[in-house]
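J.: Data file query_32.cif (mmCIF, C-alpha atoms, pLDDT in the B column; chains and numbers go by the auth columns) is appended below.
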```cif
data_run
loop_
_atom_site.group_PDB
_atom_site.id
_atom_site.type_symbol
_atom_site.label_atom_id
_atom_site.label_comp_id
_atom_site.label_asym_id
_atom_site.label_seq_id
_atom_site.Cartn_x
_atom_site.Cartn_y
_atom_site.Cartn_z
_atom_site.B_iso_or_equiv
_atom_site.auth_seq_id
_atom_site.auth_asym_id
ATOM 1 C CA MET A 1 -29.716 -31.027 7.551 51.00 1 A
ATOM 2 C CA HIS A 2 -29.114 -27.800 9.468 51.00 2 A
ATOM 3 C CA THR A 3 -31.750 -25.540 10.992 52.00 3 A
ATOM 4 C CA PRO A 4 -30.502 -21.963 11.511 55.00 4 A
ATOM 5 C CA SER A 5 -31.999 -19.577 14.028 55.00 5 A
ATOM 6 C CA ASN A 6 -34.574 -18.320 11.496 57.00 6 A
ATOM 7 C CA GLY A 7 -36.220 -21.739 11.551 58.00 7 A
ATOM 8 C CA LYS A 8 -35.719 -22.515 7.848 55.00 8 A
ATOM 9 C CA ALA A 9 -33.883 -25.757 7.222 53.00 9 A
ATOM 10 C CA PHE A 10 -31.442 -26.332 4.356 46.00 10 A
ATOM 11 C CA VAL A 11 -29.653 -29.409 3.137 52.00 11 A
ATOM 12 C CA CYS A 12 -25.946 -29.390 2.383 51.00 12 A
ATOM 13 C CA SER A 13 -24.769 -32.379 0.368 55.00 13 A
ATOM 14 C CA GLY A 14 -21.241 -33.716 0.578 54.00 14 A
ATOM 15 C CA ARG A 15 -20.511 -32.394 -2.944 56.00 15 A
ATOM 16 C CA THR A 16 -21.724 -28.895 -2.093 50.00 16 A
ATOM 17 C CA LEU A 17 -19.619 -28.835 1.048 43.00 17 A
ATOM 18 C CA LEU A 18 -16.573 -30.158 -0.833 43.00 18 A
ATOM 19 C CA ALA A 19 -17.031 -27.544 -3.578 46.00 19 A
ATOM 20 C CA ALA A 20 -17.300 -24.749 -1.013 45.00 20 A
ATOM 21 C CA LEU A 21 -14.180 -25.923 0.817 43.00 21 A
ATOM 22 C CA LEU A 22 -12.243 -26.322 -2.433 40.00 22 A
ATOM 23 C CA GLY A 23 -13.273 -22.824 -3.514 46.00 23 A
ATOM 24 C CA ALA A 24 -12.088 -21.368 -0.215 42.00 24 A
ATOM 25 C CA VAL A 25 -8.740 -23.160 -0.494 41.00 25 A
ATOM 26 C CA LEU A 26 -8.208 -21.984 -4.079 39.00 26 A
ATOM 27 C CA LEU A 27 -9.109 -18.423 -3.139 40.00 27 A
ATOM 28 C CA ALA A 28 -6.629 -18.488 -0.262 44.00 28 A
ATOM 29 C CA ALA A 29 -3.907 -19.879 -2.570 44.00 29 A
ATOM 30 C CA THR A 30 -4.414 -17.194 -5.232 47.00 30 A
ATOM 31 C CA PRO A 31 -1.386 -14.908 -5.554 52.00 31 A
ATOM 32 C CA ALA A 32 -1.651 -11.417 -4.110 54.00 32 A
ATOM 33 C CA TRP A 33 -1.931 -9.790 -7.536 66.00 33 A
ATOM 34 C CA ALA A 34 -4.130 -6.831 -6.610 74.00 34 A
ATOM 35 C CA GLN A 35 -1.443 -5.231 -4.430 80.00 35 A
ATOM 36 C CA PHE A 36 0.966 -5.234 -7.361 88.00 36 A
ATOM 37 C CA SER A 37 -1.384 -4.221 -10.167 84.00 37 A
ATOM 38 C CA MET A 38 -0.784 -0.470 -9.903 84.00 38 A
ATOM 39 C CA VAL A 39 1.877 1.947 -8.791 85.00 39 A
ATOM 40 C CA PRO A 40 0.665 5.003 -6.893 85.00 40 A
ATOM 41 C CA ALA A 41 1.699 8.486 -7.949 87.00 41 A
ATOM 42 C CA PRO A 42 4.967 9.408 -6.249 90.00 42 A
ATOM 43 C CA LEU A 43 4.864 12.168 -3.646 89.00 43 A
ATOM 44 C CA THR A 44 8.188 13.575 -4.899 80.00 44 A
ATOM 45 C CA ALA A 45 7.079 15.270 -8.105 72.00 45 A
ATOM 46 C CA GLY A 46 9.474 17.690 -9.756 72.00 46 A
ATOM 47 C CA VAL A 47 13.189 18.139 -9.251 69.00 47 A
ATOM 48 C CA ALA A 48 15.060 16.414 -6.434 76.00 48 A
ATOM 49 C CA LYS A 49 17.982 18.039 -4.613 85.00 49 A
ATOM 50 C CA PRO A 50 21.401 17.067 -6.005 91.00 50 A
ATOM 51 C CA SER A 51 23.153 14.154 -4.342 93.00 51 A
ATOM 52 C CA ALA A 52 26.388 14.699 -2.421 93.00 52 A
ATOM 53 C CA ALA A 53 27.442 11.083 -3.043 93.00 53 A
ATOM 54 C CA THR A 54 30.904 10.713 -4.576 93.00 54 A
ATOM 55 C CA SER A 55 30.563 7.086 -5.724 92.00 55 A
ATOM 56 C CA ASP A 56 27.946 4.759 -7.152 90.00 56 A
ATOM 57 C CA LYS A 57 27.900 2.841 -3.866 91.00 57 A
ATOM 58 C CA ASP A 58 27.274 6.015 -1.824 94.00 58 A
ATOM 59 C CA TYR A 59 24.558 7.104 -4.241 96.00 59 A
ATOM 60 C CA ARG A 60 22.576 3.977 -3.337 97.00 60 A
ATOM 61 C CA THR A 61 21.571 5.514 0.029 96.00 61 A
ATOM 62 C CA ASP A 62 20.327 8.735 -1.607 96.00 62 A
ATOM 63 C CA ALA A 63 18.300 6.719 -4.121 97.00 63 A
ATOM 64 C CA ALA A 64 16.801 4.543 -1.364 97.00 64 A
ATOM 65 C CA ARG A 65 15.786 7.597 0.664 96.00 65 A
ATOM 66 C CA HIS A 66 14.268 9.110 -2.455 96.00 66 A
ATOM 67 C CA LEU A 67 12.187 5.951 -3.073 96.00 67 A
ATOM 68 C CA TYR A 68 10.960 5.973 0.533 97.00 68 A
ATOM 69 C CA ALA A 69 9.982 9.642 0.204 95.00 69 A
ATOM 70 C CA ALA A 70 8.265 8.972 -3.124 95.00 70 A
ATOM 71 C CA PHE A 71 6.186 6.043 -1.859 96.00 71 A
ATOM 72 C CA PRO A 72 5.806 6.347 1.938 96.00 72 A
ATOM 73 C CA MET A 73 2.440 4.610 1.720 95.00 73 A
ATOM 74 C CA ARG A 74 4.179 1.492 0.350 96.00 74 A
ATOM 75 C CA VAL A 75 7.076 1.307 2.818 98.00 75 A
ATOM 76 C CA PHE A 76 6.849 -1.499 5.390 98.00 76 A
ATOM 77 C CA ARG A 77 7.422 0.028 8.848 97.00 77 A
ATOM 78 C CA GLY A 78 9.290 -2.039 11.420 97.00 78 A
ATOM 79 C CA LYS A 79 10.883 -5.441 11.038 97.00 79 A
ATOM 80 C CA MET A 80 9.808 -7.477 8.025 97.00 80 A
ATOM 81 C CA PRO A 81 8.083 -10.837 8.672 96.00 81 A
ATOM 82 C CA PRO A 82 10.284 -13.962 8.623 93.00 82 A
ATOM 83 C CA MET A 83 8.708 -15.249 5.403 94.00 83 A
ATOM 84 C CA LEU A 84 8.882 -12.604 2.680 96.00 84 A
ATOM 85 C CA TYR A 85 6.540 -12.747 -0.292 95.00 85 A
ATOM 86 C CA SER A 86 9.362 -11.937 -2.678 96.00 86 A
ATOM 87 C CA VAL A 87 12.967 -10.782 -2.869 97.00 87 A
ATOM 88 C CA MET A 88 14.301 -9.073 -5.963 97.00 88 A
ATOM 89 C CA ALA A 89 17.720 -7.676 -6.908 98.00 89 A
ATOM 90 C CA VAL A 90 17.841 -4.725 -9.295 98.00 90 A
ATOM 91 C CA GLU A 91 20.544 -2.580 -10.873 98.00 91 A
ATOM 92 C CA THR A 92 19.401 0.943 -11.740 98.00 92 A
ATOM 93 C CA GLU A 93 21.212 3.456 -13.919 97.00 93 A
ATOM 94 C CA ILE A 94 20.525 7.172 -13.343 97.00 94 A
ATOM 95 C CA ASP A 95 21.744 9.981 -15.629 96.00 95 A
ATOM 96 C CA ALA A 96 23.270 13.308 -14.574 93.00 96 A
ATOM 97 C CA THR A 97 19.819 14.939 -14.321 93.00 97 A
ATOM 98 C CA GLY A 98 18.340 12.206 -12.087 95.00 98 A
ATOM 99 C CA GLN A 99 16.345 10.445 -14.815 96.00 99 A
ATOM 100 C CA VAL A 100 16.229 6.638 -15.014 97.00 100 A
ATOM 101 C CA VAL A 101 18.287 5.380 -17.960 97.00 101 A
ATOM 102 C CA ASN A 102 17.887 1.655 -17.334 98.00 102 A
ATOM 103 C CA VAL A 103 16.566 -0.834 -14.796 98.00 103 A
ATOM 104 C CA SER A 104 17.970 -4.374 -14.957 98.00 104 A
ATOM 105 C CA VAL A 105 16.558 -7.259 -12.951 98.00 105 A
ATOM 106 C CA VAL A 106 19.584 -9.086 -11.532 97.00 106 A
ATOM 107 C CA ARG A 107 17.579 -11.646 -9.533 97.00 107 A
ATOM 108 C CA LYS A 108 13.997 -12.389 -10.486 97.00 108 A
ATOM 109 C CA PRO A 109 11.461 -12.434 -7.645 96.00 109 A
ATOM 110 C CA ALA A 110 9.682 -15.654 -6.724 93.00 110 A
ATOM 111 C CA ALA A 111 6.331 -13.983 -7.439 94.00 111 A
ATOM 112 C CA ASP A 112 6.177 -12.974 -11.116 93.00 112 A
ATOM 113 C CA GLU A 113 3.848 -10.027 -10.492 94.00 113 A
ATOM 114 C CA VAL A 114 6.441 -8.280 -8.308 96.00 114 A
ATOM 115 C CA ALA A 115 9.090 -7.594 -11.005 97.00 115 A
ATOM 116 C CA PRO A 116 7.016 -5.258 -13.207 96.00 116 A
ATOM 117 C CA TRP A 117 5.694 -3.524 -10.082 96.00 117 A
ATOM 118 C CA VAL A 118 9.193 -2.820 -8.725 97.00 118 A
ATOM 119 C CA VAL A 119 10.515 -1.674 -12.115 98.00 119 A
ATOM 120 C CA ALA A 120 7.511 0.646 -12.531 96.00 120 A
ATOM 121 C CA MET A 121 8.019 2.120 -9.061 97.00 121 A
ATOM 122 C CA ILE A 122 11.688 2.798 -9.775 97.00 122 A
ATOM 123 C CA LYS A 123 10.871 4.521 -13.066 97.00 123 A
ATOM 124 C CA ARG A 124 7.909 6.457 -11.714 95.00 124 A
ATOM 125 C CA ALA A 125 9.942 7.894 -8.820 96.00 125 A
ATOM 126 C CA ALA A 126 12.152 9.906 -11.227 95.00 126 A
ATOM 127 C CA PRO A 127 13.709 12.365 -11.101 95.00 127 A
ATOM 128 C CA TYR A 128 16.150 11.069 -8.490 96.00 128 A
ATOM 129 C CA PRO A 129 18.744 13.265 -6.798 95.00 129 A
ATOM 130 C CA ALA A 130 21.173 14.319 -9.551 94.00 130 A
ATOM 131 C CA PRO A 131 24.492 12.484 -9.021 94.00 131 A
ATOM 132 C CA THR A 132 26.586 15.598 -9.730 90.00 132 A
ATOM 133 C CA ALA A 133 29.432 14.795 -7.296 90.00 133 A
ATOM 134 C CA VAL A 134 30.092 11.329 -8.757 88.00 134 A
ATOM 135 C CA GLY A 135 31.787 12.852 -11.798 83.00 135 A
ATOM 136 C CA THR A 136 30.434 10.465 -14.430 86.00 136 A
ATOM 137 C CA ALA A 137 27.641 10.777 -16.994 89.00 137 A
ATOM 138 C CA THR A 138 25.568 8.122 -15.221 93.00 138 A
ATOM 139 C CA VAL A 139 25.544 6.318 -11.909 96.00 139 A
ATOM 140 C CA ARG A 140 24.653 2.639 -11.420 96.00 140 A
ATOM 141 C CA TYR A 141 23.564 1.225 -8.119 96.00 141 A
ATOM 142 C CA PHE A 142 22.483 -2.208 -6.945 97.00 142 A
ATOM 143 C CA GLU A 143 19.512 -2.671 -4.618 98.00 143 A
ATOM 144 C CA ILE A 144 17.680 -5.609 -3.077 98.00 144 A
ATOM 145 C CA TRP A 145 13.914 -5.189 -2.685 98.00 145 A
ATOM 146 C CA LEU A 146 12.221 -7.043 0.190 98.00 146 A
ATOM 147 C CA VAL A 147 8.507 -7.345 -0.550 97.00 147 A
ATOM 148 C CA ASP A 148 5.689 -8.355 1.777 96.00 148 A
ATOM 149 C CA LYS A 149 2.491 -10.015 0.503 93.00 149 A
ATOM 150 C CA SER A 150 0.588 -6.878 1.550 93.00 150 A
ATOM 151 C CA GLY A 151 2.305 -4.903 -1.214 94.00 151 A
ATOM 152 C CA LEU A 152 4.636 -3.075 1.175 96.00 152 A
ATOM 153 C CA PHE A 153 8.403 -3.083 0.736 97.00 153 A
ATOM 154 C CA GLN A 154 11.757 -2.209 2.196 98.00 154 A
ATOM 155 C CA VAL A 155 15.035 -1.910 0.336 98.00 155 A
ATOM 156 C CA ASP A 156 18.141 -3.553 1.737 98.00 156 A
ATOM 157 C CA THR A 157 19.948 -0.213 2.107 97.00 157 A
ATOM 158 C CA LEU A 158 17.360 1.061 4.614 97.00 158 A
ATOM 159 C CA THR A 159 15.871 -2.184 5.905 97.00 159 A
ATOM 160 C CA GLU A 160 14.877 -2.495 9.543 96.00 160 A
ATOM 161 C CA GLY A 161 15.628 -6.234 9.409 94.00 161 A
ATOM 162 C CA GLN A 162 13.395 -9.256 9.827 94.00 162 A
ATOM 163 C CA ARG A 163 11.614 -10.728 12.839 93.00 163 A
#
```
Mind turning this structure into structure tokens?

T.:
Amino acid sequence: MHTPSNGKAFVCSGRTLLAALLGAVLLAATPAWAQFSMVPAPLTAGVAKPSAATSDKDYRTDAARHLYAAFPMRVFRGKMPPMLYSVMAVETEIDATGQVVNVSVVRKPAADEVAPWVVAMIKRAAPYPAPTAVGTATVRYFEIWLVDKSGLFQVDTLTEGQR
């Protein structure tokens, strides 16, 4: 029996205490789904400046900068924590006008809710800088997404590293 400062006593049985502790543990173990349930509107609406990149590999930096500009509120600032929530590898194909043609998941993330979130962010950030200097109808680039449990990310091209 416990008597709080208000003077009213209450009884806590072993089962009640066990149920409360179990509930707290289950709640703490629940995946961080809420952070990945929606993609904010990108801040880069409209037409992006053409890219000066002359190869698919060079275009990767322009695309990464575009993603950071589109979703600054989702970019993790500073060094990422040592234990990441999820890591995902993606190949994205962009057409000559900067529109997303295809997004392929090359390496699935450990947390299932991250993949649709990343793919949606990539698509929603269009139009990307038009890859006019590459000289092909489309450009394909590979990117690794580093995702924190808070719902913030960095891409490998622009990462600040890990602690």

J.: Counting only C-alpha atoms, which of A:His66, A:Arg107, A:Arg163, A:Lys49 gets nearest to Ile122 of chain A?

T.: A:His66

J.: For Phe153 of chain A, which of A:Gln99, A:Ser104, A:Thr54, A:Ser86 is the closest residue, counting all atoms listed in the file?

T.: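 Selected residue with least distance to Phe153 of chain A: A:Ser86.
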
J.: Assuming the chain letters and numbering stay as they are in my file, what does the PyMOL selection byres ((chain A and resi 75) around 6) actually select? List them as an MDAnalysis selection string.

T.: chainID A and resid 72:74 76 152:154

J.: Please list as a list in words every residue within 12 Å of Ala34 of chain A, counting only C-alpha atoms and excluding residues in the same chain fewer than 4 positions away.

T.: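 With the cut-off at 12 Å, the set is Thr30, Met38, Val39, Glu113, Val114, Trp117, Lys149, Ser150 and Gly151 of chain A.
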
J.: Take the selection from the previous step and output its residues with C-alpha atoms, as a short mmCIF file (atom, residue, chain, number, x, y, z; two decimals), keeping the file's coordinate frame.

T.:
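In the end it all went to result.cif:
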```
data_model
loop_
_atom_site.label_atom_id
_atom_site.label_comp_id
_atom_site.auth_asym_id
_atom_site.auth_seq_id
_atom_site.Cartn_x
_atom_site.Cartn_y
_atom_site.Cartn_z
CA THR A 30 -4.41 -17.19 -5.23
CA MET A 38 -0.78 -0.47 -9.90
CA VAL A 39 1.88 1.95 -8.79
CA GLU A 113 3.85 -10.03 -10.49
CA VAL A 114 6.44 -8.28 -8.31
CA TRP A 117 5.69 -3.52 -10.08
CA LYS A 149 2.49 -10.02 0.50
CA SER A 150 0.59 -6.88 1.55
CA GLY A 151 2.31 -4.90 -1.21
#
```

J.: When the PyMOL selection byres ((chain A and resi 69) around 12) is applied to the structure above, which residues does it catch, written out as a PyMOL selection string?

T.: chain A and resi 41-45+48+62-68+70-75+125-126+128-129

J.: For those residues, write C-alpha atoms to a file as a compact mmCIF listing (two decimals), keeping the file's coordinate frame.

T.:
```
# COMPACT_ATOMS: atom_id res chain seq x y z
CA ALA A 41 1.70 8.49 -7.95
CA PRO A 42 4.97 9.41 -6.25
CA LEU A 43 4.86 12.17 -3.65
CA THR A 44 8.19 13.58 -4.90
CA ALA A 45 7.08 15.27 -8.10
CA ALA A 48 15.06 16.41 -6.43
CA ASP A 62 20.33 8.74 -1.61
CA ALA A 63 18.30 6.72 -4.12
CA ALA A 64 16.80 4.54 -1.36
CA ARG A 65 15.79 7.60 0.66
CA HIS A 66 14.27 9.11 -2.46
CA LEU A 67 12.19 5.95 -3.07
CA TYR A 68 10.96 5.97 0.53
CA ALA A 70 8.26 8.97 -3.12
CA PHE A 71 6.19 6.04 -1.86
CA PRO A 72 5.81 6.35 1.94
CA MET A 73 2.44 4.61 1.72
CA ARG A 74 4.18 1.49 0.35
CA VAL A 75 7.08 1.31 2.82
CA ALA A 125 9.94 7.89 -8.82
CA ALA A 126 12.15 9.91 -11.23
CA TYR A 128 16.15 11.07 -8.49
CA PRO A 129 18.74 13.26 -6.80
```

J.: Choose the residue, out of A:Ala96, A:Met83, A:Val118, A:Ala130, that has the smallest atom-to-atom separation from Pro50 of chain A; count all atoms listed in the file.

T.: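 Answer, going by the shortest atom-to-atom distance: A:Ala130.
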
J.: Could you check how far atom CA of Arg77 of chain A sits from atom CA of Gly46 of chain A, in Å to one decimal?

T.: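 Pair atom CA of Arg77 of chain A / atom CA of Gly46 of chain A returns 25.7 Å.
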
J.: Would you write out, as a list in words, every residue that the PyMOL selection byres ((chain A and resi 146) around 8) captures in this file?

T.: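 That selection, the PyMOL selection byres ((chain A and resi 146) around 8), comes back as Leu84, Ser86, Val87, Met88, Ile144, Trp145, Val147, Asp148, Phe153, Gln154, Val155 and Asp156 of chain A.
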
J.: Please measure the separation of atom CA of Phe142 of chain A and atom CA of Ile94 of chain A, giving the value in Å to one decimal.

T.: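 Spanning atom CA of Phe142 of chain A to atom CA of Ile94 of chain A is a straight-line distance of 11.5 Å.
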
J.: Closest to Thr97 of chain A among A:Thr61, A:Ser37, A:Ser55, A:Thr138, using all atoms listed in the file?

T.: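 Once distances to Thr97 of chain A are computed over all atoms listed in the file, the minimum belongs to A:Thr138.
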
J.: Mind pulling up the distance from atom CA of Thr132 of chain A to atom CA of Ala53 of chain A?

T.: 8.1 Å

J.: From the list A:Ala133, A:Pro81, A:Ala89, A:Arg60, which residue is nearest Ala115 of chain A when using all atoms listed in the file?

T.: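 Ranked by minimum distance to Ala115 of chain A, first place goes to A:Ala89.
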
J.: With a distance cut-off of 10 Å and all atoms listed in the file, select the neighbouring residues of Val101 of chain A, excluding the residue or stretch itself and same-chain residues fewer than 6 positions from it, and output the selection as a list in words.

T.: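 Skipping anything fewer than 6 positions along the chain leaves Thr92, Glu93, Ile94, Asp95, Lys123, Thr138, Val139 and Arg140 of chain A.
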
J.: Check the smallest atom-to-atom distance from each of A:Lys108, A:Val100, A:Met80, A:Thr136 to Arg124 of chain A using all atoms listed in the file, then report the winner.

T.: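 For Arg124 of chain A, the nearest of the given residues is A:Val100.
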
J.: Provide segment 43-138 of chain A of the preceding structure as a file containing C-alpha atoms, as a short mmCIF file (atom, residue, chain, number, x, y, z; two decimals), in the first residue's frame.

T.:
```
data_model
loop_
_atom_site.label_atom_id
_atom_site.label_comp_id
_atom_site.auth_asym_id
_atom_site.auth_seq_id
_atom_site.Cartn_x
_atom_site.Cartn_y
_atom_site.Cartn_z
CA LEU A 43 10.31 23.66 -50.21
CA THR A 44 11.62 23.50 -53.80
CA ALA A 45 8.38 23.76 -55.75
CA GLY A 46 8.59 24.51 -59.45
CA VAL A 47 11.52 24.23 -61.81
CA ALA A 48 15.05 23.58 -60.57
CA LYS A 49 18.12 25.10 -62.23
CA PRO A 50 19.78 22.82 -64.79
CA SER A 51 22.63 20.65 -63.55
CA ALA A 52 26.17 21.22 -64.83
CA ALA A 53 27.08 17.58 -64.11
CA THR A 54 28.58 15.73 -67.08
CA SER A 55 28.13 12.18 -65.75
CA ASP A 56 25.66 10.17 -63.72
CA LYS A 57 28.16 10.03 -60.86
CA ASP A 58 28.59 13.83 -60.82
CA TYR A 59 24.83 14.32 -60.97
CA ARG A 60 24.52 12.52 -57.62
CA THR A 61 25.84 15.61 -55.77
CA ASP A 62 23.33 17.93 -57.48
CA ALA A 63 20.49 15.54 -56.62
CA ALA A 64 21.63 15.29 -52.98
CA ARG A 65 21.79 19.07 -52.64
CA HIS A 66 18.35 19.32 -54.18
CA LEU A 67 16.94 16.83 -51.63
CA TYR A 68 18.50 18.78 -48.76
CA ALA A 69 17.00 22.01 -50.11
CA ALA A 70 13.61 20.34 -50.57
CA PHE A 71 13.45 18.90 -47.05
CA PRO A 72 15.70 20.98 -44.76
CA MET A 73 13.42 20.20 -41.83
CA ARG A 74 14.23 16.48 -42.24
CA VAL A 75 18.01 16.75 -42.62
CA PHE A 76 20.04 15.57 -39.62
CA ARG A 77 22.56 18.31 -38.75
CA GLY A 78 25.97 17.26 -37.47
CA LYS A 79 27.40 13.79 -37.07
CA MET A 80 24.90 10.93 -37.11
CA PRO A 81 24.64 8.75 -33.97
CA PRO A 82 26.68 5.52 -33.91
CA MET A 83 23.57 3.33 -34.10
CA LEU A 84 21.43 4.32 -37.08
CA TYR A 85 17.76 3.41 -37.19
CA SER A 86 18.03 2.34 -40.81
CA VAL A 87 20.30 2.38 -43.85
CA MET A 88 18.88 2.12 -47.34
CA ALA A 89 20.47 2.07 -50.80
CA VAL A 90 18.47 3.48 -53.70
CA GLU A 91 18.99 3.96 -57.43
CA THR A 92 17.02 6.86 -58.91
CA GLU A 93 16.44 7.59 -62.58
CA ILE A 94 15.75 11.20 -63.61
CA ASP A 95 14.63 12.28 -67.10
CA ALA A 96 15.90 15.25 -69.12
CA THR A 97 13.34 17.59 -67.51
CA GLY A 98 14.23 16.62 -63.92
CA GLN A 99 11.23 14.34 -63.32
CA VAL A 100 11.62 11.02 -61.50
CA VAL A 101 11.30 8.10 -63.93
CA ASN A 102 12.03 5.29 -61.49
CA VAL A 103 13.20 4.63 -57.94
CA SER A 104 14.66 1.18 -57.22
CA VAL A 105 15.47 -0.04 -53.73
CA VAL A 106 18.89 -1.69 -54.00
CA ARG A 107 19.22 -2.50 -50.29
CA LYS A 108 16.12 -2.71 -48.13
CA PRO A 109 16.24 -0.85 -44.81
CA ALA A 110 16.11 -2.76 -41.54
CA ALA A 111 12.95 -0.85 -40.57
CA ASP A 112 10.18 -1.62 -43.09
CA GLU A 113 8.47 1.75 -42.64
CA VAL A 114 11.53 3.62 -43.93
CA ALA A 115 11.49 2.35 -47.56
CA PRO A 116 8.14 3.85 -48.61
CA TRP A 117 9.03 7.07 -46.79
CA VAL A 118 12.35 7.45 -48.64
CA VAL A 119 10.82 6.58 -52.03
CA ALA A 120 8.01 9.10 -51.43
CA MET A 121 10.50 11.82 -50.49
CA ILE A 122 12.53 11.19 -53.63
CA LYS A 123 9.44 11.37 -55.84
CA ARG A 124 7.93 14.36 -54.06
CA ALA A 125 11.12 16.42 -54.43
CA ALA A 126 10.75 16.52 -58.25
CA PRO A 127 11.56 18.31 -60.39
CA TYR A 128 15.29 17.80 -59.85
CA PRO A 129 17.95 19.83 -61.65
CA ALA A 130 17.65 18.90 -65.34
CA PRO A 131 20.68 16.77 -66.31
CA THR A 132 21.21 18.62 -69.61
CA ALA A 133 25.03 18.35 -69.68
CA VAL A 134 25.06 14.56 -69.26
CA GLY A 135 23.97 14.07 -72.87
CA THR A 136 21.59 11.15 -72.33
CA ALA A 137 17.80 10.93 -72.14
CA THR A 138 17.94 9.95 -68.46
#
```
